[in-house]
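As stored in run_23.tsv (TSV, C-alpha atoms):
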chain	number	residue	atom	x	y	z
P	687	MET	CA	0.00	0.00	0.00
P	688	ALA	CA	1.40	3.37	-0.99
P	689	VAL	CA	1.70	6.13	1.57
P	690	LYS	CA	-0.79	8.35	-0.28
P	691	GLU	CA	-3.37	5.56	-0.42
P	692	SER	CA	-3.31	5.05	3.36
P	693	GLY	CA	-3.72	8.71	4.18
P	694	GLY	CA	-0.11	9.34	4.91
P	695	ILE	CA	2.23	8.80	7.78
P	696	PHE	CA	1.23	12.05	9.47
P	697	GLU	CA	-2.41	10.97	9.63
P	698	MET	CA	-1.33	7.73	11.29
P	699	MET	CA	0.94	9.62	13.70
P	700	PHE	CA	-1.80	12.11	14.66
P	701	ARG	CA	-4.25	9.26	15.20
P	702	GLU	CA	-1.80	7.47	17.51
P	703	VAL	CA	-0.93	10.65	19.40
P	704	GLY	CA	-4.62	11.42	19.80
P	705	PHE	CA	-5.25	7.93	21.12
P	706	PHE	CA	-2.35	8.28	23.54
P	707	TRP	CA	-3.67	11.58	24.95
P	708	GLU	CA	-7.15	10.11	25.23
P	709	GLN	CA	-5.75	7.30	27.36
P	710	VAL	CA	-3.72	9.77	29.46
P	711	TRP	CA	-6.84	11.89	30.05
P	712	GLN	CA	-8.87	8.84	31.05
P	713	TRP	CA	-6.13	7.67	33.44
P	714	ALA	CA	-5.89	11.16	34.98
P	715	GLU	CA	-9.67	11.25	35.52
P	716	GLU	CA	-9.59	7.84	37.21
P	717	GLN	CA	-6.74	8.95	39.46
P	718	ALA	CA	-8.55	12.17	40.39
P	719	LYS	CA	-11.67	10.20	41.28
P	720	ALA	CA	-9.65	7.79	43.42
P	721	ASP	CA	-7.91	10.73	45.13
P	722	ARG	CA	-11.25	12.38	45.93
P	723	GLU	CA	-12.58	9.13	47.41
P	724	GLN	CA	-9.42	8.68	49.48
P	725	GLU	CA	-9.68	12.28	50.73
P	726	LYS	CA	-13.24	11.58	51.92
P	727	VAL	CA	-12.04	8.49	53.78
P	728	ASP	CA	-9.13	10.42	55.32
P	729	GLN	CA	-11.41	13.27	56.37
P	730	GLN	CA	-13.84	10.86	58.04
P	731	ARG	CA	-10.95	9.14	59.83
P	732	ARG	CA	-9.61	12.48	61.13
P	733	LEU	CA	-13.08	13.45	62.34
P	734	THR	CA	-13.50	10.12	64.14
P	735	GLU	CA	-10.08	10.46	65.77
P	736	ALA	CA	-10.88	14.01	66.92
P	737	GLN	CA	-14.17	12.87	68.41
P	738	ALA	CA	-12.43	10.02	70.22
P	739	ARG	CA	-9.84	12.44	71.66
P	740	LEU	CA	-12.58	14.81	72.79
P	741	LEU	CA	-14.50	12.00	74.48
P	742	GLU	CA	-11.32	10.88	76.24
P	743	GLN	CA	-10.67	14.43	77.47
P	744	ILE	CA	-14.25	14.67	78.75
P	745	ARG	CA	-13.86	11.35	80.55
P	746	LEU	CA	-10.61	12.46	82.17
P	747	ALA	CA	-12.13	15.80	83.20
P	748	LYS	CA	-15.09	14.04	84.80
P	749	GLU	CA	-12.74	11.70	86.65
P	750	ALA	CA	-10.90	14.77	87.93
P	751	GLY	CA	-14.17	16.05	89.36
P	752	LEU	CA	-14.90	18.86	86.91
P	753	ASP	CA	-18.48	19.70	85.96
P	754	VAL	CA	-17.99	19.19	82.24
P	755	ASP	CA	-21.65	19.74	81.35
P	756	ARG	CA	-21.65	23.18	82.99
P	757	ILE	CA	-18.37	24.12	81.34
P	758	MET	CA	-19.63	23.03	77.90
P	759	ALA	CA	-22.89	24.98	78.40
P	760	THR	CA	-20.90	28.10	79.30
P	761	ILE	CA	-18.71	27.73	76.21
P	762	GLN	CA	-21.73	27.25	73.95
P	763	GLN	CA	-23.37	30.37	75.36
P	764	GLU	CA	-20.23	32.41	74.74
P	765	LEU	CA	-19.99	31.12	71.17
P	766	LYS	CA	-23.57	32.20	70.46
P	767	LYS	CA	-22.77	35.82	71.41

Rewritten as structure tokens:
Amino acid sequence: MAVKESGGIFEMMFREVGFFWEQVWQWAEEQAKADREQEKVDQQRRLTEAQARLLEQIRLAKEAGLDVDRIMATIQQELKK
């Protein structure tokens, strides 16, 4: 087959380059989606860890004899101002 009959070598090159970039774009989209999902998991883990630390601090404060409920109510009132 002659080069002119097949559309030329540049047409073949552009087709292959276009296919390559299409695959790169698809891979990048898949990676971005996976990264977003991982960020959601990480954010939920950090929130759970923070809640666990807060509960532990409340438990320790109650063991030390502090009126945690009164303190928390006072803080909430000040935040509403």

With the cut-off set at 10 Å and counting all atoms listed in the file, tabulate each residue of stretch 713-733 of chain P with an atom at most that distance from an atom of stretch 691-709 of chain P, showing the nearest atom pair and its distance in Å to one decimal, ordered by chain and increasing number, as JSON lines.
{"residue": "P:Trp713", "atom": "CA", "partner": "P:Gln709", "partner_atom": "CA", "distance": 6.1}
{"residue": "P:Ala714", "atom": "CA", "partner": "P:Gln709", "partner_atom": "CA", "distance": 8.5}
{"residue": "P:Glu715", "atom": "CA", "partner": "P:Gln709", "partner_atom": "CA", "distance": 9.9}

In Å, how far is it from atom CA of P:Asp755 to atom CA of P:Lys767? 18.9 Å

Mind giving me the straight-line distance from atom CA of P:Leu741 to atom CA of P:Met758 in Å, one decimal?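 Here the two named atoms are 12.6 Å from each other.
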